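Structure file work31.txt (compact mmCIF, C-alpha atoms) follows.
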# COMPACT_ATOMS: atom_id res chain seq x y z
CA MET A 1 -97.19 108.35 67.26
CA SER A 2 -95.39 110.15 70.05
CA VAL A 3 -92.48 112.44 69.37
CA LEU A 4 -88.88 111.95 70.46
CA HIS A 5 -87.99 115.05 72.46
CA THR A 6 -84.65 116.69 72.01
CA GLU A 7 -82.77 117.77 75.12
CA LYS A 8 -82.04 121.15 73.64
CA LYS A 9 -84.71 123.70 74.58
CA GLU A 10 -83.10 126.84 73.23
CA GLU A 11 -84.91 127.63 70.01
CA GLN A 12 -82.92 126.69 66.95
CA VAL A 13 -83.20 127.00 63.21
CA ASN A 14 -84.23 123.84 61.34
CA ILE A 15 -86.02 122.27 64.27
CA ASN A 16 -86.09 118.75 62.84
CA ALA A 17 -82.34 118.65 62.12
CA ASN A 18 -80.59 117.10 65.11
CA GLU A 19 -76.86 116.54 64.90
CA ILE A 20 -73.93 115.02 66.75
CA VAL A 21 -70.71 116.72 65.63
CA PHE A 22 -67.44 114.79 65.63
CA SER A 23 -65.19 117.15 63.68
CA LYS A 24 -65.20 120.69 62.32
CA LYS A 25 -61.90 120.41 60.55
CA TRP A 26 -63.61 120.99 57.20
CA GLU A 27 -64.74 124.44 58.37
CA SER A 28 -61.14 125.65 58.57
CA TYR A 29 -61.05 125.56 54.76
CA ARG A 30 -64.02 127.93 54.41
CA GLY A 31 -63.65 131.69 54.20
CA GLU A 32 -65.42 134.67 55.73
CA ASP A 33 -68.07 134.68 53.01
CA TYR A 34 -69.08 131.16 54.01
CA ALA A 35 -69.24 132.14 57.67
CA GLU A 36 -71.43 135.12 56.83
CA TYR A 37 -73.79 132.96 54.79
CA ARG A 38 -74.20 130.53 57.71
CA VAL A 39 -74.88 133.40 60.11
CA ASN A 40 -77.58 134.64 57.76
CA TRP A 41 -79.00 131.13 57.46
CA ALA A 42 -79.90 131.30 61.13
CA LYS A 43 -80.61 135.03 61.31
CA TYR A 44 -83.07 135.47 58.44
CA PRO A 45 -85.74 133.07 59.79
CA LYS A 46 -85.44 134.39 63.32
CA GLU A 47 -85.85 137.99 62.16
CA ARG A 48 -88.41 137.04 59.47
CA PHE A 49 -86.13 138.82 57.02
CA VAL A 50 -86.66 138.36 53.29
CA SER A 51 -83.52 138.82 51.22
CA HIS A 52 -83.84 139.81 47.56
CA PHE A 53 -82.99 136.19 46.58
CA PRO A 54 -82.84 132.95 48.59
CA LEU A 55 -79.61 131.88 50.22
CA ASN A 56 -80.12 128.36 48.89
CA ILE A 57 -81.92 126.76 45.98
CA ASP A 58 -82.84 123.08 46.06
CA ILE A 59 -82.79 121.63 42.55
CA GLU A 60 -84.48 118.29 41.92
CA THR A 61 -82.13 117.24 39.14
CA THR A 62 -84.02 113.95 38.82
CA ASP A 63 -87.19 112.60 40.39
CA LEU A 64 -86.11 108.98 39.93
CA CYS A 65 -84.73 106.80 42.69
CA ASN A 66 -83.09 103.38 42.83
CA LEU A 67 -84.59 102.44 46.23
CA LYS A 68 -88.09 102.16 47.67
CA CYS A 69 -87.66 103.32 51.25
CA PRO A 70 -90.99 102.93 53.12
CA MET A 71 -90.77 106.29 54.92
CA CYS A 72 -90.13 108.27 51.72
CA ALA A 73 -92.90 110.38 50.21
CA ARG A 74 -91.78 109.25 46.79
CA THR A 75 -92.31 105.57 47.65
CA ILE A 76 -95.72 106.35 49.12
CA LYS A 77 -96.74 108.27 46.00
CA ASP A 78 -95.47 105.46 43.78
CA ALA A 79 -97.79 103.03 45.57
CA ASP A 80 -100.85 105.24 45.12
CA LYS A 81 -102.70 103.58 42.23
CA GLU A 82 -105.37 106.30 42.05
CA ASN A 83 -102.86 109.15 41.89
CA PRO A 84 -99.62 107.67 40.55
CA ILE A 85 -96.50 109.79 40.68
CA THR A 86 -95.70 111.62 37.46
CA LYS A 87 -92.02 111.20 36.77
CA SER A 88 -90.34 114.03 34.92
CA ARG A 89 -87.08 112.08 34.87
CA TYR A 90 -84.19 114.54 34.51
CA ILE A 91 -83.30 118.21 34.21
CA ASP A 92 -81.13 118.57 31.12
CA LYS A 93 -77.76 120.27 31.07
CA GLU A 94 -78.89 123.48 29.37
CA ALA A 95 -81.77 124.01 31.80
CA TYR A 96 -79.48 123.33 34.75
CA MET A 97 -76.89 125.83 33.54
CA ASP A 98 -79.58 128.47 33.14
CA ILE A 99 -80.81 127.88 36.71
CA ILE A 100 -77.29 128.24 38.10
CA ASP A 101 -76.54 131.30 35.98
CA GLN A 102 -79.70 133.04 37.23
CA ALA A 103 -79.05 132.09 40.83
CA VAL A 104 -75.43 133.25 40.78
CA GLU A 105 -76.45 136.52 39.13
CA HIS A 106 -78.60 137.25 42.18
CA GLY A 107 -76.08 136.15 44.78
CA VAL A 108 -77.13 132.63 45.74
CA LYS A 109 -74.81 131.08 48.32
CA ALA A 110 -75.76 127.42 48.26
CA VAL A 111 -77.19 124.80 45.92
CA LYS A 112 -78.58 121.43 46.93
CA LEU A 113 -78.88 118.94 44.07
CA GLN A 114 -81.74 116.85 45.39
CA TYR A 115 -85.37 116.69 46.46
CA LEU A 116 -87.22 113.35 46.19
CA GLY A 117 -84.91 111.71 43.66
CA GLU A 118 -81.45 110.19 43.95
CA PRO A 119 -78.97 112.72 42.48
CA LEU A 120 -76.35 110.11 41.60
CA LEU A 121 -78.74 108.65 39.02
CA HIS A 122 -78.22 111.75 36.89
CA LYS A 123 -75.50 111.23 34.30
CA ASP A 124 -74.47 114.90 34.64
CA VAL A 125 -74.05 114.95 38.43
CA VAL A 126 -70.30 115.57 38.27
CA PHE A 127 -70.79 118.35 35.74
CA GLN A 128 -73.56 119.82 37.94
CA VAL A 129 -71.22 120.08 40.90
CA GLU A 130 -68.34 121.38 38.81
CA TYR A 131 -70.44 124.02 37.03
CA ALA A 132 -71.91 125.41 40.24
CA LYS A 133 -68.48 125.60 41.88
CA LYS A 134 -66.88 127.27 38.86
CA LYS A 135 -69.66 129.86 38.89
CA GLY A 136 -68.81 130.69 42.48
CA VAL A 137 -71.46 128.91 44.55
CA LEU A 138 -70.07 128.63 48.09
CA ASP A 139 -71.87 125.50 49.23
CA VAL A 140 -72.76 122.69 46.80
CA MET A 141 -74.31 119.61 48.37
CA PHE A 142 -76.69 116.70 48.01
CA ASN A 143 -78.34 113.87 49.92
CA THR A 144 -77.69 110.35 48.67
CA ASN A 145 -78.34 106.75 49.64
CA ALA A 146 -74.72 106.04 48.55
CA VAL A 147 -75.63 102.93 46.57
CA LEU A 148 -74.04 104.46 43.46
CA LEU A 149 -71.23 106.23 45.31
CA THR A 150 -68.52 104.05 43.80
CA PRO A 151 -64.84 104.87 44.28
CA GLU A 152 -64.69 106.07 40.67
CA LEU A 153 -67.64 108.43 41.04
CA SER A 154 -66.41 109.54 44.47
CA ALA A 155 -63.10 110.66 42.99
CA LYS A 156 -64.84 112.66 40.27
CA LEU A 157 -67.27 114.35 42.66
CA LEU A 158 -64.52 115.32 45.07
CA GLU A 159 -62.36 116.66 42.25
CA ALA A 160 -65.37 118.64 40.95
CA GLY A 161 -65.52 120.39 44.31
CA ILE A 162 -68.48 118.92 46.19
CA ASP A 163 -68.71 120.70 49.55
CA LYS A 164 -71.10 118.52 51.54
CA VAL A 165 -72.43 115.00 51.17
CA PHE A 166 -75.32 113.89 53.37
CA ILE A 167 -75.68 110.11 53.35
CA SER A 168 -78.86 108.35 54.43
CA PHE A 169 -77.86 105.55 56.80
CA ASP A 170 -80.53 104.31 59.20
CA ALA A 171 -79.13 101.34 61.11
CA VAL A 172 -76.08 99.21 61.80
CA ASN A 173 -78.18 96.04 61.99
CA PRO A 174 -78.26 94.60 58.44
CA LYS A 175 -81.86 93.44 58.70
CA LEU A 176 -83.11 96.78 60.01
CA TYR A 177 -81.05 98.66 57.46
CA GLU A 178 -82.47 96.71 54.55
CA GLN A 179 -85.96 97.13 55.98
CA GLN A 180 -85.52 100.90 55.71
CA ARG A 181 -83.41 101.11 52.55
CA VAL A 182 -85.24 98.69 50.32
CA GLY A 183 -83.28 97.60 47.29
CA THR A 184 -79.70 97.49 48.55
CA THR A 185 -77.51 95.87 51.20
CA ILE A 186 -75.69 97.44 54.12
CA GLY A 187 -72.34 95.92 53.17
CA LYS A 188 -72.27 97.54 49.74
CA VAL A 189 -73.18 100.94 51.16
CA ILE A 190 -70.64 100.76 54.01
CA ASP A 191 -67.91 99.93 51.50
CA ASN A 192 -68.87 102.90 49.33
CA ILE A 193 -69.00 105.29 52.28
CA TYR A 194 -65.67 104.15 53.68
CA GLU A 195 -63.92 104.46 50.33
CA PHE A 196 -65.36 107.97 49.97
CA ILE A 197 -64.09 108.86 53.47
CA LYS A 198 -60.59 107.58 52.75
CA LEU A 199 -60.36 109.52 49.51
CA ARG A 200 -61.73 112.65 51.20
CA ASP A 201 -59.26 112.38 54.07
CA LYS A 202 -56.30 111.97 51.75
CA PHE A 203 -56.97 114.65 49.16
CA TYR A 204 -60.11 116.73 49.90
CA PRO A 205 -60.36 117.52 53.65
CA GLN A 206 -62.59 120.51 52.93
CA THR A 207 -65.54 118.25 52.06
CA HIS A 208 -68.05 117.71 54.86
CA ILE A 209 -69.53 114.21 55.31
CA ARG A 210 -72.62 113.64 57.41
CA LEU A 211 -74.64 110.48 57.91
CA SER A 212 -78.36 111.07 58.44
CA MET A 213 -80.93 108.77 60.00
CA VAL A 214 -84.73 108.78 60.00
CA MET A 215 -85.54 108.58 63.72
CA TYR A 216 -88.57 106.90 65.25
CA ASP A 217 -89.67 107.27 68.85
CA ASP A 218 -88.82 103.69 69.66
CA PRO A 219 -85.97 102.13 71.72
CA ILE A 220 -84.93 99.99 68.75
CA TRP A 221 -84.02 103.01 66.63
CA LYS A 222 -82.48 104.95 69.48
CA ARG A 223 -80.13 102.01 70.06
CA GLN A 224 -79.27 101.97 66.37
CA PHE A 225 -78.31 105.64 66.57
CA GLU A 226 -76.11 104.98 69.60
CA ALA A 227 -74.44 102.16 67.68
CA MET A 228 -73.90 104.46 64.72
CA LYS A 229 -71.93 106.79 66.99
CA VAL A 230 -69.53 103.96 67.85
CA MET A 231 -69.30 102.81 64.24
CA TRP A 232 -68.68 106.16 62.56
CA GLU A 233 -66.97 108.39 65.13
CA GLY A 234 -63.58 109.50 63.85
CA LEU A 235 -64.62 108.77 60.28
CA VAL A 236 -67.46 111.12 59.38
CA ASP A 237 -67.83 114.72 60.51
CA SER A 238 -71.29 114.35 62.00
CA LEU A 239 -74.33 112.16 62.50
CA GLY A 240 -77.79 113.60 62.15
CA TYR A 241 -81.36 112.51 62.49
CA GLY A 242 -84.79 113.84 61.69
CA ILE A 243 -87.99 112.82 63.44
CA PHE A 244 -90.28 110.68 61.29
CA ASN A 245 -93.93 111.66 61.37
CA GLU A 246 -96.44 109.14 60.05
CA ARG A 247 -98.80 110.81 57.62
CA HIS A 248 -102.48 110.56 58.44
CA PRO A 249 -104.17 107.99 56.14
CA ASP A 250 -106.75 110.47 54.86
CA LYS A 251 -104.03 113.10 54.30
CA LYS A 252 -106.33 115.69 55.87
CA HIS A 253 -105.29 115.60 59.52
CA GLU A 254 -104.71 119.06 60.95
CA TYR A 255 -102.71 119.94 64.06
CA GLU A 256 -103.56 122.46 66.71
CA LYS A 257 -101.94 125.82 66.17
CA ALA A 258 -98.46 126.33 67.61
CA GLU A 259 -98.10 129.91 68.78
CA GLY A 260 -94.84 131.53 67.71
CA PHE A 261 -94.09 129.13 64.87
CA ALA A 262 -92.89 130.34 61.47
CA CYS A 263 -91.34 128.01 58.92
CA GLU A 264 -87.66 128.83 58.51
CA GLN A 265 -87.50 127.54 54.94
CA LEU A 266 -89.63 130.41 53.65
CA PHE A 267 -86.77 132.78 54.47
CA GLN A 268 -83.82 130.59 53.43
CA ARG A 269 -84.49 128.53 50.35
CA MET A 270 -86.59 127.79 47.29
CA PHE A 271 -87.41 124.36 45.83
CA LEU A 272 -87.20 123.74 42.09
CA LYS A 273 -88.92 120.51 41.09
CA CYS A 274 -87.96 118.41 38.10
CA ASN A 275 -91.46 118.97 36.68
CA GLY A 276 -90.90 122.74 36.59
CA ASN A 277 -92.90 123.66 39.68
CA VAL A 278 -91.39 125.83 42.40
CA THR A 279 -92.56 125.15 45.94
CA VAL A 280 -91.81 126.70 49.30
CA CYS A 281 -90.77 123.82 51.55
CA CYS A 282 -89.46 120.28 51.73
CA VAL A 283 -92.80 118.95 53.01
CA ASP A 284 -94.76 119.88 49.88
CA ASP A 285 -94.08 116.72 47.87
CA ALA A 286 -97.60 116.97 46.39
CA ASP A 287 -96.95 120.45 44.92
CA GLU A 288 -99.86 121.86 46.87
CA TYR A 289 -98.50 125.39 47.23
CA VAL A 290 -96.84 126.17 43.90
CA VAL A 291 -95.44 129.68 43.64
CA GLY A 292 -94.22 129.54 40.06
CA ASN A 293 -92.61 127.53 37.29
CA TRP A 294 -88.87 127.83 36.75
CA ARG A 295 -89.19 126.70 33.13
CA GLU A 296 -91.44 129.66 32.35
CA GLN A 297 -90.40 132.40 34.79
CA ARG A 298 -87.24 134.02 36.11
CA LEU A 299 -86.19 132.79 39.52
CA ILE A 300 -85.95 136.30 40.95
CA ASP A 301 -89.56 136.97 39.94
CA ILE A 302 -90.79 133.77 41.56
CA TRP A 303 -88.99 134.50 44.84
CA ASN A 304 -90.60 137.94 44.98
CA SER A 305 -94.02 136.89 43.68
CA PRO A 306 -97.30 137.83 45.43
CA LYS A 307 -98.07 134.21 46.31
CA TYR A 308 -94.65 133.75 47.96
CA LYS A 309 -95.12 137.03 49.80
CA GLU A 310 -98.55 135.93 51.02
CA ILE A 311 -97.32 132.78 52.76
CA ARG A 312 -94.27 134.53 54.23
CA ASP A 313 -96.41 137.34 55.61
CA LEU A 314 -98.85 134.89 57.17
CA HIS A 315 -96.03 132.98 58.88
CA ALA A 316 -94.26 136.16 60.00
CA SER A 317 -97.47 137.51 61.54
CA GLY A 318 -98.28 134.32 63.43
CA ASN A 319 -101.04 133.28 61.06
CA TYR A 320 -99.44 130.31 59.32
CA ASP A 321 -102.61 128.32 60.05
CA LYS A 322 -104.43 130.30 57.36
CA ILE A 323 -102.66 128.03 54.85
CA ALA A 324 -104.28 124.57 54.64
CA MET A 325 -100.99 122.82 53.83
CA CYS A 326 -99.33 124.36 56.88
CA ARG A 327 -102.13 123.23 59.20
CA ARG A 328 -101.37 119.66 58.17
CA CYS A 329 -97.60 119.99 58.58
CA PHE A 330 -96.06 118.24 61.59
CA LEU A 331 -93.30 120.83 62.08
CA PRO A 332 -95.43 123.35 64.03
CA ASP A 333 -96.53 120.50 66.29
CA LEU A 334 -92.91 119.45 66.80
CA TYR A 335 -92.03 123.07 67.56
CA LYS A 336 -94.78 123.23 70.19
CA LYS A 337 -93.76 119.98 71.85
CA THR A 338 -90.10 120.95 71.87
CA TYR A 339 -90.25 124.57 72.99
CA CYS A 340 -93.72 125.30 74.35
CA ASN A 341 -94.30 122.36 76.70
CA SER A 342 -92.76 122.31 80.13
Rewrite the coordinates I just gave you, this time as structure tokens.
Amino acid sequence: MSVLHTEKKEEQVNINANEIVFSKKWESYRGEDYAEYRVNWAKYPKERFVSHFPLNIDIETTDLCNLKCPMCARTIKDADKENPITKSRYIDKEAYMDIIDQAVEHGVKAVKLQYLGEPLLHKDVVFQVEYAKKKGVLDVMFNTNAVLLTPELSAKLLEAGIDKVFISFDAVNPKLYEQQRVGTTIGKVIDNIYEFIKLRDKFYPQTHIRLSMVMYDDPIWKRQFEAMKVMWEGLVDSLGYGIFNERHPDKKHEYEKAEGFACEQLFQRMFLKCNGNVTVCCVDDADEYVVGNWREQRLIDIWNSPKYKEIRDLHASGNYDKIAMCRRCFLPDLYKKTYCNS
């Protein structure tokens, strides 16, 4: 499929994260330490700088989900009869606390409580937010489909100190929405989101709310995004979208090399899977490039391991294509089409 081009040509961090900002009021509640962390979030990838510990750790607190969205790697893996997904279910409270304690010891700034699963399915999600905040984590966040974001749970999460909530919301047309978010209805989700917004506005203005859409290069979806602007402006802080890239059926398709590309995630964050594996990027849902196991090793040792160093060095030196997984990743191709084509 063709790629939707962004208008912005100045090179940016997180190339597939496009955002329309409505309000930055929430930022006025953040301190200088938060501002410094966000500066470093952009600076480290650009300078290919490796800090002694990642700025952010992504923790897959559960690998279960209550929906079967067709674009999701988890849904695709679930449908693979030859290689069915192995569900590890949940990270228990003791293991979670140990992860946070290690990360805080080494100066982590942010924690994201999600990877392929739905974080609100975890019975400890409120505790997880509260524990990370009490330990001093600056930025605690998660993605959610908002099906379980009831007013009762919303109140508890906001009181626990959740900093950012990214809600998947792909269309304003009910039929299109339910085509993308299989297993729920748009009305239920809108009600949950609006109740969360009202509670945030009244008592917790420091919490950032963003709605995120999976964008296809098709007029239908572009119109849906325009309609979302009308629907949610003045309510949420921002709307975002990421370009969807259809995976090649044989899972072996490789892209031409994009000169100048280096994956920003290698210098910002580390991904802790529910099954214990630690991977280097959000694209590696198959655990192809595993750099360690958080159940068996210290996080600081994994971040500074030889295998992690190898992939960073290859990206920093312009040789990311030496890694098979990276040759099949669509992000270098998106980088080339966005910044290298006239």
Neighbouring residues of Ala324 (chain A) were defined as those with any atom within 12 Å, considering all atoms listed in the file; residues of the same chain fewer than 6 positions away were excluded. Please report them as a PDB file with C-alpha atoms, in the frame of the given file.
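That gives us around01.pdb:
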ATOM      1  CA  LYS A 251    -104.030 113.100  54.300  1.00  0.00           C
ATOM      2  CA  LYS A 252    -106.330 115.690  55.870  1.00  0.00           C
ATOM      3  CA  HIS A 253    -105.290 115.600  59.520  1.00  0.00           C
ATOM      4  CA  GLU A 254    -104.710 119.060  60.950  1.00  0.00           C
ATOM      5  CA  TYR A 255    -102.710 119.940  64.060  1.00  0.00           C
ATOM      6  CA  LYS A 257    -101.940 125.820  66.170  1.00  0.00           C
ATOM      7  CA  ASP A 284     -94.760 119.880  49.880  1.00  0.00           C
ATOM      8  CA  GLU A 288     -99.860 121.860  46.870  1.00  0.00           C
ATOM      9  CA  TYR A 289     -98.500 125.390  47.230  1.00  0.00           C
ATOM     10  CA  ILE A 311     -97.320 132.780  52.760  1.00  0.00           C
ATOM     11  CA  LEU A 314     -98.850 134.890  57.170  1.00  0.00           C
TER      12      LEU A 314
END
Work out how far apart CA of Pro119 (chain A) and CA of Leu67 (chain A) are and give it in Å to one decimal.
12.3 Å
CA of Glu159 (chain A) to CA of Asn143 (chain A) measures 17.9 Å
Taking into account all atoms listed in the file, which residue in the set A:Gln268, A:Thr185, A:Asn173, A:Asn245 is nearest to Gln224 (chain A)?
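The closest residue to Gln224 (chain A) is A:Asn173.
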Within 9 Å of Val278 (chain A), counting all atoms listed in the file, which residues qualify if same-chain residues fewer than 2 places away don't, as a PyMOL selection string?
chain A and resi 270-273+275-276+280+287+289-294+302
With only C-alpha atoms as the counted atoms, please give the residues lying no more than 8 Å from Thr62 (chain A), apart from itself and same-chain residues fewer than 3 positions off, as a VMD selection string.
chain A and resid 88 to 91 114 117 to 119 121 to 122 274
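Note that CA of Glu47 (chain A) and CA of Asp321 (chain A) are 19.5 Å apart.
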So which residues touch Glu19 (chain A) within 10 Å, counting all atoms listed in the file, skipping near sequence neighbours fewer than 6 positions away, as a VMD selection string?
chain A and resid 210 to 212 238 to 242
Quick one: everything within 8 Å of region 32-41 of chain A, counting only C-alpha atoms, minus sequence neighbours fewer than 6 positions away in the same chain. Send it as a VMD selection string.
chain A and resid 55 109 138 to 139 268
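Of the residues listed (A:Gln102, A:Thr144, A:Asn56, A:Gln206), A:Gln206 shows the shortest atom-to-atom separation from Tyr29 (chain A); distances use all atoms listed in the file.
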